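Colleague: File work.txt below, compact mmCIF, C-alpha atoms:
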# COMPACT_ATOMS: atom_id res chain seq x y z
CA MET H 1 -80.48 -46.25 153.73
CA TYR H 2 -79.21 -43.64 151.27
CA PHE H 3 -79.51 -40.68 153.65
CA LEU H 4 -76.26 -38.90 154.50
CA SER H 5 -75.26 -38.61 158.13
CA GLU H 6 -74.15 -35.27 159.54
CA MET H 7 -70.49 -36.25 159.14
CA GLU H 8 -71.02 -37.47 155.58
CA HIS H 9 -72.80 -34.26 154.69
CA LYS H 10 -69.84 -32.28 156.02
CA LEU H 11 -67.51 -34.41 153.90
CA LEU H 12 -69.66 -33.72 150.84
CA ILE H 13 -69.94 -29.96 151.36
CA HIS H 14 -66.45 -29.14 152.60
CA LYS H 15 -64.26 -31.64 150.75
CA LEU H 16 -65.75 -33.56 147.85
CA LEU H 17 -67.68 -30.79 146.12
CA PRO H 18 -64.88 -28.19 146.48
CA THR H 19 -62.40 -30.74 145.12
CA ALA H 20 -64.68 -31.54 142.19
CA ARG H 21 -65.04 -27.84 141.39
CA GLU H 22 -61.33 -27.14 141.67
CA VAL H 23 -59.95 -30.24 139.93
CA GLY H 24 -62.84 -30.87 137.56
CA VAL H 25 -63.44 -33.76 135.17
CA ASN H 26 -61.90 -34.04 131.72
CA PRO H 27 -64.74 -33.29 129.24
CA GLU H 28 -63.69 -36.33 127.19
CA LEU H 29 -64.62 -38.52 130.16
CA ARG H 30 -68.13 -37.15 130.63
CA GLY H 31 -70.82 -39.59 129.53
CA TRP H 32 -72.32 -37.16 127.02
CA ASN H 33 -69.15 -37.52 124.91
CA TRP H 34 -70.06 -41.16 124.24
CA HIS H 35 -69.62 -40.62 120.49
CA GLN H 36 -65.92 -39.73 120.80
CA ALA H 37 -62.79 -41.52 122.00
CA PRO H 38 -62.06 -42.74 124.59
CA LEU H 39 -65.71 -43.28 125.57
CA LYS H 40 -66.86 -44.49 122.16
CA PRO H 41 -67.03 -48.31 122.29
CA TYR H 42 -64.74 -50.24 119.93
CA TYR H 43 -67.22 -53.12 119.60
CA ASP H 44 -70.91 -53.45 118.81
CA GLU H 45 -71.48 -56.01 121.58
CA LYS H 46 -73.33 -55.01 124.72
CA ALA H 47 -72.70 -56.16 128.30
CA PRO H 48 -74.43 -55.67 131.65
CA MET H 49 -72.83 -53.30 134.14
CA TYR H 50 -72.00 -56.07 136.61
CA ALA H 51 -69.94 -57.82 133.93
CA ILE H 52 -67.91 -54.70 133.25
CA CYS H 53 -67.30 -53.87 136.91
CA SER H 54 -66.89 -57.35 138.36
CA LYS H 55 -63.38 -58.35 139.39
CA TYR H 56 -64.15 -61.54 141.28
CA CYS H 57 -62.29 -63.74 138.80
CA PRO H 58 -58.51 -63.13 138.41
CA THR H 59 -58.62 -63.89 134.66
CA ASP H 60 -62.16 -62.60 133.92
CA ARG H 61 -63.18 -66.08 132.81
CA ASP H 62 -66.52 -65.51 134.53
CA ILE H 63 -67.23 -62.89 131.85
CA TYR H 64 -66.40 -65.37 129.09
CA LEU H 65 -68.58 -68.08 130.66
CA SER H 66 -71.58 -65.84 131.33
CA GLN H 67 -71.56 -63.65 128.23
CA VAL H 68 -70.09 -65.97 125.56
CA LYS H 69 -70.84 -69.51 126.70
CA LYS H 70 -74.10 -68.44 128.39
CA ALA H 71 -73.29 -70.65 131.37
CA LYS H 72 -75.94 -70.82 134.05
CA PRO H 73 -74.79 -69.47 137.43
CA GLN H 74 -75.33 -71.41 140.62
CA LEU H 75 -76.41 -68.89 143.21
CA ASN H 76 -75.11 -69.29 146.75
CA TYR H 77 -76.22 -67.83 150.08
CA ASP H 78 -74.23 -64.59 149.71
CA VAL H 79 -75.63 -63.85 146.25
CA THR H 80 -79.14 -64.79 147.37
CA LEU H 81 -78.88 -62.45 150.37
CA GLY H 82 -77.67 -59.66 148.09
CA LYS H 83 -80.55 -60.14 145.66
CA ILE H 84 -83.15 -60.23 148.43
CA LEU H 85 -81.82 -57.17 150.25
CA HIS H 86 -81.59 -55.19 147.02
CA GLY H 87 -85.27 -56.00 146.57
CA VAL H 88 -86.07 -55.06 150.18
CA VAL H 89 -84.41 -51.65 149.88
CA SER H 90 -85.76 -50.78 146.43
CA ASP H 91 -89.33 -52.03 146.94
CA SER H 92 -89.79 -50.50 150.39
CA LEU H 93 -88.37 -47.16 149.22
CA GLN H 94 -90.39 -47.04 146.02
CA ALA H 95 -93.58 -47.80 147.95
CA LEU H 96 -92.84 -45.05 150.46
CA ILE H 97 -91.87 -42.54 147.78
CA GLY H 98 -95.09 -43.34 145.95
CA GLY H 99 -97.07 -42.70 149.11
CA GLU H 100 -98.39 -46.27 149.31
CA PRO H 101 -96.27 -48.18 151.85
CA ILE H 102 -96.67 -51.95 152.04
CA GLU H 103 -96.20 -54.43 154.88
CA PHE H 104 -93.09 -56.61 155.01
CA GLU H 105 -95.00 -59.88 155.36
CA ARG H 106 -96.99 -59.12 152.23
CA TRP H 107 -93.79 -58.35 150.36
CA TRP H 108 -92.07 -61.51 151.61
CA GLU H 109 -94.90 -63.71 150.37
CA ASN H 110 -94.13 -62.61 146.81
CA VAL H 111 -90.39 -63.43 146.86
CA ARG H 112 -89.54 -65.71 143.95
CA TRP H 113 -87.29 -68.51 145.17
CA GLU H 114 -86.42 -70.16 141.88
CA GLY H 115 -82.64 -70.51 141.69
CA LEU H 116 -82.07 -68.94 145.13
CA ALA H 117 -80.22 -70.68 147.96
CA GLY H 118 -79.94 -70.47 151.74
CA ASP H 119 -81.96 -70.86 154.91
CA ARG H 120 -85.20 -68.97 154.32
CA GLU H 121 -85.82 -68.12 157.98
CA GLU H 122 -82.35 -66.63 158.35
CA LEU H 123 -82.79 -64.68 155.15
CA LYS H 124 -86.22 -63.49 156.28
CA GLY H 125 -84.84 -62.27 159.59
CA LYS H 126 -82.18 -60.13 157.90
CA ALA H 127 -84.65 -58.88 155.29
CA ARG H 128 -87.06 -57.78 158.03
CA LEU H 129 -84.30 -55.91 159.87
CA VAL H 130 -83.39 -53.97 156.73
CA TRP H 131 -87.06 -53.30 155.95
CA GLN H 132 -87.59 -51.84 159.42
CA TYR H 133 -84.39 -49.81 159.14
CA VAL H 134 -85.38 -48.26 155.80
CA THR H 135 -89.01 -47.55 156.70
CA GLY H 136 -88.04 -46.13 160.11
CA LEU H 137 -85.52 -43.70 158.62
CA CYS H 138 -87.90 -42.59 155.89
CA HIS H 139 -90.74 -42.05 158.36
CA ALA H 140 -88.51 -39.86 160.54
CA ARG H 141 -87.29 -37.80 157.57
CA THR H 142 -90.84 -37.31 156.29
CA LEU H 143 -92.00 -36.06 159.68
CA GLN H 144 -89.03 -33.71 159.88
CA VAL H 145 -89.67 -32.13 156.47
CA ALA H 146 -93.42 -31.85 157.11
CA SER H 147 -92.77 -30.09 160.44
CA GLU H 148 -90.37 -27.60 158.83
CA GLN H 149 -92.67 -26.82 155.88
CA PRO H 150 -96.27 -27.01 157.16
CA TYR H 151 -97.79 -25.72 153.91
CA MET H 152 -95.94 -28.17 151.66
CA ALA H 153 -98.13 -30.60 149.73
CA ARG H 154 -97.72 -34.29 150.59
CA ARG H 155 -96.21 -34.99 147.18
CA ASP H 156 -93.55 -32.35 147.78
CA VAL H 157 -92.89 -33.64 151.29
CA LEU H 158 -92.16 -37.08 149.89
CA ALA H 159 -90.02 -35.74 147.04
CA THR H 160 -87.98 -33.59 149.42
CA SER H 161 -87.59 -36.02 152.29
CA MET H 162 -86.75 -38.99 150.03
CA PRO H 163 -85.03 -37.45 146.96
CA PHE H 164 -84.18 -40.78 145.39
CA LEU H 165 -84.56 -42.35 141.98
CA VAL H 166 -84.57 -46.03 142.99
CA GLU H 167 -84.13 -48.82 140.43
CA HIS H 168 -84.39 -46.15 137.74
CA LYS H 169 -84.36 -47.87 134.35
CA ILE H 170 -81.91 -46.42 131.87
CA SER H 171 -80.21 -47.49 128.64
CA GLY H 172 -76.46 -48.01 128.63
CA ALA H 173 -76.36 -48.62 124.87
CA LEU H 174 -74.41 -45.45 124.11
CA LEU H 175 -71.51 -46.71 126.22
CA GLY H 176 -71.57 -50.32 125.08
CA LEU H 177 -73.81 -51.60 127.86
CA SER H 178 -77.19 -53.32 128.05
CA ASP H 179 -80.25 -51.47 126.79
CA ILE H 180 -81.92 -51.78 130.20
CA LEU H 181 -79.92 -51.00 133.33
CA SER H 182 -81.23 -50.34 136.82
CA LEU H 183 -79.60 -47.76 139.09
CA ASP H 184 -79.60 -48.78 142.75
CA CYS H 185 -80.19 -45.14 143.69
CA TYR H 186 -79.60 -41.61 142.42
CA ASP H 187 -80.00 -38.78 144.94
CA TYR H 188 -81.25 -35.97 142.70
CA LEU H 189 -80.96 -33.21 145.33
CA HIS H 190 -77.30 -33.89 146.12
CA SER H 191 -76.47 -35.40 142.70
CA ILE H 192 -74.94 -38.58 144.13
CA MET H 193 -74.91 -41.95 142.40
CA PHE H 194 -75.16 -44.89 144.85
CA ASP H 195 -74.36 -48.57 144.50
CA LEU H 196 -75.39 -51.07 147.18
CA LYS H 197 -73.16 -53.91 148.39
CA VAL H 198 -74.30 -56.56 150.89
CA GLU H 199 -71.96 -58.28 153.36
CA ALA H 200 -68.99 -57.30 151.21
CA LYS H 201 -65.45 -56.48 152.22
CA ARG H 202 -64.48 -53.06 150.91
CA GLU H 203 -62.50 -53.19 147.65
CA ASP H 204 -61.15 -50.39 145.46
CA TRP H 205 -62.91 -51.83 142.40
CA HIS H 206 -66.30 -51.47 144.08
CA ARG H 207 -66.10 -47.83 143.03
CA LEU H 208 -66.37 -48.83 139.37
CA SER H 209 -70.11 -49.57 139.44
CA PRO H 210 -71.39 -46.20 140.70
CA VAL H 211 -68.90 -44.40 138.44
CA GLY H 212 -70.15 -46.45 135.48
CA TYR H 213 -73.77 -45.66 136.30
CA ALA H 214 -72.86 -41.97 136.67
CA MET H 215 -71.35 -41.96 133.19
CA VAL H 216 -74.39 -43.74 131.75
CA PHE H 217 -76.65 -41.15 133.41
CA GLU H 218 -74.52 -38.40 131.90
CA SER H 219 -74.75 -40.02 128.46
CA VAL H 220 -78.56 -40.13 128.52
CA HIS H 221 -79.58 -37.08 130.54
CA GLU H 222 -76.47 -34.89 130.05
CA VAL H 223 -76.42 -34.06 133.76
CA PRO H 224 -72.94 -33.97 135.37
CA ILE H 225 -72.40 -36.29 138.34
CA ASP H 226 -69.23 -35.66 140.33
CA VAL H 227 -69.90 -37.62 143.52
CA CYS H 228 -70.55 -41.34 143.90
CA CYS H 229 -71.01 -43.63 146.85
CA THR H 230 -70.66 -47.35 147.51
CA LEU H 231 -73.02 -48.26 150.33
CA TYR H 232 -72.15 -51.33 152.41
CA VAL H 233 -74.82 -53.17 154.41
CA SER H 234 -73.89 -55.85 156.93
CA PHE H 235 -75.17 -57.34 160.19
CA LYS H 236 -73.81 -57.71 163.70
CA GLU H 237 -75.59 -59.02 166.77
CA GLY H 238 -79.01 -58.54 165.25
CA LYS H 239 -78.30 -54.99 164.07
CA VAL H 240 -78.06 -53.49 160.61
CA LEU H 241 -74.71 -51.82 159.95
CA VAL H 242 -74.44 -49.25 157.17
CA ASN H 243 -71.15 -47.78 155.97
CA LYS H 244 -70.58 -45.49 153.01
CA ASP H 245 -67.60 -44.90 150.75
CA LEU H 246 -68.35 -41.41 149.48
CA PHE H 247 -65.92 -40.23 146.79
CA PHE H 248 -65.21 -37.92 143.86
CA ALA H 249 -65.75 -39.61 140.48
CA ASN H 250 -62.47 -38.33 139.10
CA ASN H 251 -60.59 -38.85 135.84
CA ASP H 252 -58.64 -41.87 137.12
CA LEU H 253 -61.77 -43.78 138.11
CA ARG H 254 -63.51 -42.93 134.83
CA SER H 255 -60.47 -44.05 132.83
CA TRP H 256 -60.29 -47.26 134.86
CA TRP H 257 -63.94 -47.99 134.06
CA ILE H 258 -63.32 -47.41 130.33
CA GLU H 259 -60.33 -49.78 130.41
CA GLU H 260 -62.42 -52.49 132.08
CA ARG H 261 -65.22 -52.00 129.56
CA ASP H 262 -62.91 -52.18 126.55
CA ARG H 263 -61.09 -55.27 127.82
CA LYS H 264 -64.25 -57.18 128.67
CA LEU H 265 -66.08 -56.24 125.50
CA GLU H 266 -63.05 -57.56 123.64
CA ILE H 267 -63.45 -60.92 125.40
CA ILE H 268 -67.10 -61.02 124.36
CA ALA H 269 -66.60 -59.77 120.79
CA GLN H 270 -63.69 -62.08 120.01
CA LYS H 271 -65.08 -65.00 122.06
CA LYS H 272 -61.67 -65.16 123.65
CA ASP H 273 -61.29 -67.60 126.55
CA PRO H 274 -58.93 -65.90 129.05
CA GLY H 275 -58.16 -69.21 130.73
CA THR H 276 -58.90 -70.83 134.06
CA PRO H 277 -57.34 -69.01 137.03
CA ASN H 278 -54.82 -70.80 139.24
CA ALA H 279 -57.10 -70.24 142.21
CA CYS H 280 -60.63 -69.02 142.67
CA GLY H 281 -63.06 -68.49 145.49
CA GLU H 282 -65.30 -71.29 146.68
CA SER H 283 -68.28 -68.93 146.35
CA CYS H 284 -67.82 -68.29 142.62
CA ILE H 285 -71.21 -68.80 140.96
CA TYR H 286 -69.53 -70.09 137.77
CA ARG H 287 -67.15 -72.49 139.52
CA LYS H 288 -68.97 -75.60 138.30
CA SER H 289 -69.00 -74.40 134.68
CA CYS H 290 -65.37 -73.34 134.90
CA ARG H 291 -63.78 -76.24 136.77
CA GLY H 292 -66.44 -78.89 136.61
CA ASP H 293 -66.54 -79.36 140.41
Represent the structure contained in this file as structure tokens.
Modeller:
Amino acid sequence: MYFLSEMEHKLLIHKLLPTAREVGVNPELRGWNWHQAPLKPYYDEKAPMYAICSKYCPTDRDIYLSQVKKAKPQLNYDVTLGKILHGVVSDSLQALIGGEPIEFERWWENVRWEGLAGDREELKGKARLVWQYVTGLCHARTLQVASEQPYMARRDVLATSMPFLVEHKISGALLGLSDILSLDCYDYLHSIMFDLKVEAKREDWHRLSPVGYAMVFESVHEVPIDVCCTLYVSFKEGKVLVNKDLFFANNDLRSWWIEERDRKLEIIAQKKDPGTPNACGESCIYRKSCRGD
């Protein structure tokens, strides 16, 4: 799932990394400068990453409802599919990386359905397709690495063929975020921060999440991350489609993330209701709390 194709690897090596080295990142915008402006949070409140990076609501009233009013979301099919497929990708990968793969049916039996919505058979079919896709790719990469390095220990084969920190737990407290965050994936050999989107139309603001996680990683581990990627998973005619938006985490994106954080932490700290939007999507999980319908 998080493997780079040949074309994507060329883009990384011949465009993104040279650009990052030439242009660079303003030191003030590196996560390890969390104690100084502009990264230093103005407020003591903490917020989850999805709240900072979400731009589904035109007025950000979803942030007010979820973080101030503690409104309960009503999950729909799209959100349920996203949650399940995030679990499919992370659990299958972690099992493979740990050298103890598990069967899909066994995994599916342990899915917790409380609060989820949608046709379970349809969801199961898509989950199985993604499971097969991930395990098939990983198996091929493992065989390739093992064939190229016949004296490599199994542990090293796994670490080299699947160089991913998946659902890595990390604190975002230094940047005004929740104490426990989970990275979708960090490729530690290529130093790429990934964020997974399911059945989503590409939006510019989708880049905020991986950039935010990159800055959090920098704040805790003091390791520079210059390249991020939003990974889009969708389905067509029974096939899994994977597209990647691979990009340089430049100054503009980092500044945009800081602006979003400051504005949304202000809503939370001041308990300021930004008002009901003139129009909102039917799929909004806070629609009932917001409009009462």
Colleague: Mind checking which residues fall within 9 Å of Leu137 of chain H, counting all atoms listed in the file, ignoring those fewer than 4 positions away in the same chain, and posting them as a CSV table (one decimal) with C-alpha atoms, in the frame of the given file?
Modeller:
chain,number,residue,atom,x,y,z
H,1,MET,CA,-80.5,-46.2,153.7
H,3,PHE,CA,-79.5,-40.7,153.6
H,132,GLN,CA,-87.6,-51.8,159.4
H,133,TYR,CA,-84.4,-49.8,159.1
H,141,ARG,CA,-87.3,-37.8,157.6
H,142,THR,CA,-90.8,-37.3,156.3
Colleague: Find the residues around Tyr77 of chain H up to 7 Å (all atoms listed in the file counted), leave out those fewer than 3 positions away in its own chain, and share them as a list in words.
Modeller: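 Listed by chain and then number, they are Thr80, Leu81, Ala117 and Gly118 of chain H.
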Colleague: Determine, counting only C-alpha atoms, every residue of protein, DNA or RNA that lies within 10 Å of (-72.7, -35.8, 139.5) in the file coordinates, then give the result as a ChimeraX atom specification.
Modeller: /H:17,20,186-188,190-193,211,214-215,217-218,223-228,248-249
Colleague: Using all atoms listed in the file for the distances, tell me which of H:His9, H:His14, H:Arg207, H:Lys55 is nearest to Phe247 of chain H.
Modeller: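 Result for the nearest residue to Phe247 of chain H: H:Arg207.
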Colleague: If we count all atoms listed in the file and set the cut-off at 8 Å, which residues sit around Ile258 of chain H, ignoring sequence neighbours fewer than 3 positions away in its own chain? Please answer as a CSV table (one decimal) with C-alpha atoms, keeping the file's coordinate frame.
Modeller:
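As a result, part28.csv now contains:
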chain,number,residue,atom,x,y,z
H,38,PRO,CA,-62.1,-42.7,124.6
H,39,LEU,CA,-65.7,-43.3,125.6
H,254,ARG,CA,-63.5,-42.9,134.8
H,255,SER,CA,-60.5,-44.0,132.8
H,261,ARG,CA,-65.2,-52.0,129.6
H,262,ASP,CA,-62.9,-52.2,126.6
Colleague: Report as a PDB file with C-alpha atoms, in the frame of the given file all protein, DNA and RNA residues lying within 10 Å of Ile170 of chain H, evaluated on only C-alpha atoms, omitting residues in the same chain fewer than 5 positions from it.
Modeller:
ATOM      1  CA  SER H 178     -77.190 -53.320 128.050  1.00  0.00           C
ATOM      2  CA  ASP H 179     -80.250 -51.470 126.790  1.00  0.00           C
ATOM      3  CA  ILE H 180     -81.920 -51.780 130.200  1.00  0.00           C
ATOM      4  CA  LEU H 181     -79.920 -51.000 133.330  1.00  0.00           C
ATOM      5  CA  SER H 182     -81.230 -50.340 136.820  1.00  0.00           C
ATOM      6  CA  LEU H 183     -79.600 -47.760 139.090  1.00  0.00           C
ATOM      7  CA  TYR H 213     -73.770 -45.660 136.300  1.00  0.00           C
ATOM      8  CA  VAL H 216     -74.390 -43.740 131.750  1.00  0.00           C
ATOM      9  CA  PHE H 217     -76.650 -41.150 133.410  1.00  0.00           C
ATOM     10  CA  VAL H 220     -78.560 -40.130 128.520  1.00  0.00           C
ATOM     11  CA  HIS H 221     -79.580 -37.080 130.540  1.00  0.00           C
TER      12      HIS H 221
END
Colleague: My list of candidates is H:Val111, H:Ala140, H:Val242, H:Cys290. Which is closest to Asp91 of chain H when distances are computed with only C-alpha atoms?
Modeller: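 Nearest candidate to Asp91 of chain H out of H:Val111, H:Ala140, H:Val242, H:Cys290: H:Val111.
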Colleague: Return the single residue from H:Gly172, H:Gly125, H:Gly98, H:Pro274 that is closest to Ala159 of chain H, with distances computed using all atoms listed in the file.
Modeller: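 Closest to Ala159 of chain H, using all atoms listed in the file: H:Gly98.
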Colleague: Tell me, in Å to one decimal, how far atom CA of Leu65 of chain H is from atom CA of Ser289 of chain H.
Modeller: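 Taking atom CA of Leu65 of chain H as the start and atom CA of Ser289 of chain H as the end point, the length is 7.5 Å.
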Colleague: Could you tell me how far atom CA of Gly238 of chain H sits from atom CA of Arg106 of chain H, in Å to one decimal place?
Modeller: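 Calculated distance between atom CA of Arg106 of chain H and atom CA of Gly238 of chain H is 22.2 Å.
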Colleague: Would you mind reading off the distance between atom CA of Gly275 of chain H and atom CA of Ala51 of chain H, one decimal, in Å?
Modeller: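 A separation of 16.7 Å between them.
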Colleague: Smallest atom-to-atom distance to Asp245 of chain H: which of H:Leu11, H:Ala37, H:Val145, H:Leu116, using only C-alpha atoms?
Modeller: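 Smallest distance to Asp245 of chain H is found for H:Leu11.
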Colleague: Hey, can I get the axis-aligned box for segment 159-174 of chain H? All listed atoms, 6 Å padding on each side, centre and edge lengths in Å to one decimal, as lines of an AutoDock Vina configuration file.
Modeller:
center_x = -82.2
center_y = -41.2
center_z = 138.2
size_x = 27.6
size_y = 27.2
size_z = 40.2
Colleague: Quick one: segment 168-255 of chain H from the block, C-alpha atoms, as a PDB file, in the first residue's frame.
Modeller:
ATOM      1  CA  HIS H 168       3.074   4.579  15.507  1.00  0.00           C
ATOM      2  CA  LYS H 169       1.906   6.213  18.744  1.00  0.00           C
ATOM      3  CA  ILE H 170       3.356   9.635  19.394  1.00  0.00           C
ATOM      4  CA  SER H 171       2.561  12.667  21.543  1.00  0.00           C
ATOM      5  CA  GLY H 172       1.537  15.895  19.862  1.00  0.00           C
ATOM      6  CA  ALA H 173       1.493  17.830  23.146  1.00  0.00           C
ATOM      7  CA  LEU H 174       4.448  20.035  22.217  1.00  0.00           C
ATOM      8  CA  LEU H 175       2.487  21.446  19.274  1.00  0.00           C
ATOM      9  CA  GLY H 176      -0.868  21.789  21.004  1.00  0.00           C
ATOM     10  CA  LEU H 177      -2.232  18.408  19.964  1.00  0.00           C
ATOM     11  CA  SER H 178      -3.469  15.310  21.770  1.00  0.00           C
ATOM     12  CA  ASP H 179      -1.039  13.373  23.941  1.00  0.00           C
ATOM     13  CA  ILE H 180      -1.635  10.213  21.900  1.00  0.00           C
ATOM     14  CA  LEU H 181      -1.620  10.429  18.106  1.00  0.00           C
ATOM     15  CA  SER H 182      -1.325   7.582  15.620  1.00  0.00           C
ATOM     16  CA  LEU H 183       0.623   7.976  12.384  1.00  0.00           C
ATOM     17  CA  ASP H 184      -0.924   6.110   9.463  1.00  0.00           C
ATOM     18  CA  CYS H 185       2.575   5.302   8.215  1.00  0.00           C
ATOM     19  CA  TYR H 186       6.135   6.605   8.303  1.00  0.00           C
ATOM     20  CA  ASP H 187       8.582   5.133   5.778  1.00  0.00           C
ATOM     21  CA  TYR H 188      11.843   5.296   7.721  1.00  0.00           C
ATOM     22  CA  LEU H 189      14.102   4.361   4.787  1.00  0.00           C
ATOM     23  CA  HIS H 190      12.810   7.109   2.493  1.00  0.00           C
ATOM     24  CA  SER H 191      11.738   9.461   5.319  1.00  0.00           C
ATOM     25  CA  ILE H 192       8.199   9.931   3.995  1.00  0.00           C
ATOM     26  CA  MET H 193       5.154  10.657   6.138  1.00  0.00           C
ATOM     27  CA  PHE H 194       1.947   9.090   4.756  1.00  0.00           C
ATOM     28  CA  ASP H 195      -1.717   9.793   5.408  1.00  0.00           C
ATOM     29  CA  LEU H 196      -4.424   7.451   4.119  1.00  0.00           C
ATOM     30  CA  LYS H 197      -7.704   8.647   2.582  1.00  0.00           C
ATOM     31  CA  VAL H 198     -10.513   6.296   1.533  1.00  0.00           C
ATOM     32  CA  GLU H 199     -12.903   7.013  -1.352  1.00  0.00           C
ATOM     33  CA  ALA H 200     -12.023  10.707  -1.144  1.00  0.00           C
ATOM     34  CA  LYS H 201     -11.867  13.301  -3.871  1.00  0.00           C
ATOM     35  CA  ARG H 202      -8.454  14.953  -3.901  1.00  0.00           C
ATOM     36  CA  GLU H 203      -8.361  18.283  -2.049  1.00  0.00           C
ATOM     37  CA  ASP H 204      -5.475  20.669  -1.387  1.00  0.00           C
ATOM     38  CA  TRP H 205      -6.174  20.604   2.365  1.00  0.00           C
ATOM     39  CA  HIS H 206      -5.612  16.844   2.482  1.00  0.00           C
ATOM     40  CA  ARG H 207      -1.916  17.711   2.553  1.00  0.00           C
ATOM     41  CA  LEU H 208      -2.297  19.256   6.009  1.00  0.00           C
ATOM     42  CA  SER H 209      -2.515  15.945   7.894  1.00  0.00           C
ATOM     43  CA  PRO H 210       0.767  14.366   6.754  1.00  0.00           C
ATOM     44  CA  VAL H 211       2.528  17.722   7.129  1.00  0.00           C
ATOM     45  CA  GLY H 212       1.144  18.026  10.664  1.00  0.00           C
ATOM     46  CA  TYR H 213       2.297  14.519  11.548  1.00  0.00           C
ATOM     47  CA  ALA H 214       5.720  15.283  10.052  1.00  0.00           C
ATOM     48  CA  MET H 215       6.057  18.334  12.296  1.00  0.00           C
ATOM     49  CA  VAL H 216       4.956  16.330  15.337  1.00  0.00           C
ATOM     50  CA  PHE H 217       7.544  13.664  14.491  1.00  0.00           C
ATOM     51  CA  GLU H 218      10.176  16.386  14.205  1.00  0.00           C
ATOM     52  CA  SER H 219       9.144  17.828  17.579  1.00  0.00           C
ATOM     53  CA  VAL H 220       9.551  14.494  19.378  1.00  0.00           C
ATOM     54  CA  HIS H 221      12.379  12.746  17.529  1.00  0.00           C
ATOM     55  CA  GLU H 222      14.159  15.777  16.011  1.00  0.00           C
ATOM     56  CA  VAL H 223      14.395  14.015  12.651  1.00  0.00           C
ATOM     57  CA  PRO H 224      13.758  16.230   9.588  1.00  0.00           C
ATOM     58  CA  ILE H 225      10.963  15.115   7.268  1.00  0.00           C
ATOM     59  CA  ASP H 226      10.839  16.895   3.918  1.00  0.00           C
ATOM     60  CA  VAL H 227       8.530  14.636   1.904  1.00  0.00           C
ATOM     61  CA  CYS H 228       4.922  13.714   2.640  1.00  0.00           C
ATOM     62  CA  CYS H 229       2.292  11.744   0.801  1.00  0.00           C
ATOM     63  CA  THR H 230      -1.496  11.551   0.816  1.00  0.00           C
ATOM     64  CA  LEU H 231      -2.489   8.063  -0.274  1.00  0.00           C
ATOM     65  CA  TYR H 232      -5.928   7.643  -1.848  1.00  0.00           C
ATOM     66  CA  VAL H 233      -7.662   4.253  -1.907  1.00  0.00           C
ATOM     67  CA  SER H 234     -10.799   3.676  -3.966  1.00  0.00           C
ATOM     68  CA  PHE H 235     -12.567   0.880  -5.835  1.00  0.00           C
ATOM     69  CA  LYS H 236     -13.657   0.292  -9.412  1.00  0.00           C
ATOM     70  CA  GLU H 237     -15.162  -2.841 -10.913  1.00  0.00           C
ATOM     71  CA  GLY H 238     -13.981  -5.022  -8.072  1.00  0.00           C
ATOM     72  CA  LYS H 239     -10.431  -3.659  -8.119  1.00  0.00           C
ATOM     73  CA  VAL H 240      -8.468  -1.658  -5.583  1.00  0.00           C
ATOM     74  CA  LEU H 241      -7.197   1.643  -6.963  1.00  0.00           C
ATOM     75  CA  VAL H 242      -4.297   3.386  -5.233  1.00  0.00           C
ATOM     76  CA  ASN H 243      -3.135   6.901  -6.086  1.00  0.00           C
ATOM     77  CA  LYS H 244      -0.523   8.972  -4.292  1.00  0.00           C
ATOM     78  CA  ASP H 245      -0.015  12.703  -3.913  1.00  0.00           C
ATOM     79  CA  LEU H 246       3.702  12.846  -3.165  1.00  0.00           C
ATOM     80  CA  PHE H 247       4.924  16.345  -2.273  1.00  0.00           C
ATOM     81  CA  PHE H 248       7.536  18.525  -0.574  1.00  0.00           C
ATOM     82  CA  ALA H 249       6.462  19.661   2.909  1.00  0.00           C
ATOM     83  CA  ASN H 250       7.477  23.246   2.252  1.00  0.00           C
ATOM     84  CA  ASN H 251       7.195  26.469   4.238  1.00  0.00           C
ATOM     85  CA  ASP H 252       3.783  27.382   2.820  1.00  0.00           C
ATOM     86  CA  LEU H 253       2.193  24.091   3.860  1.00  0.00           C
ATOM     87  CA  ARG H 254       3.767  24.252   7.323  1.00  0.00           C
ATOM     88  CA  SER H 255       2.556  27.829   7.796  1.00  0.00           C
TER      89      SER H 255
END
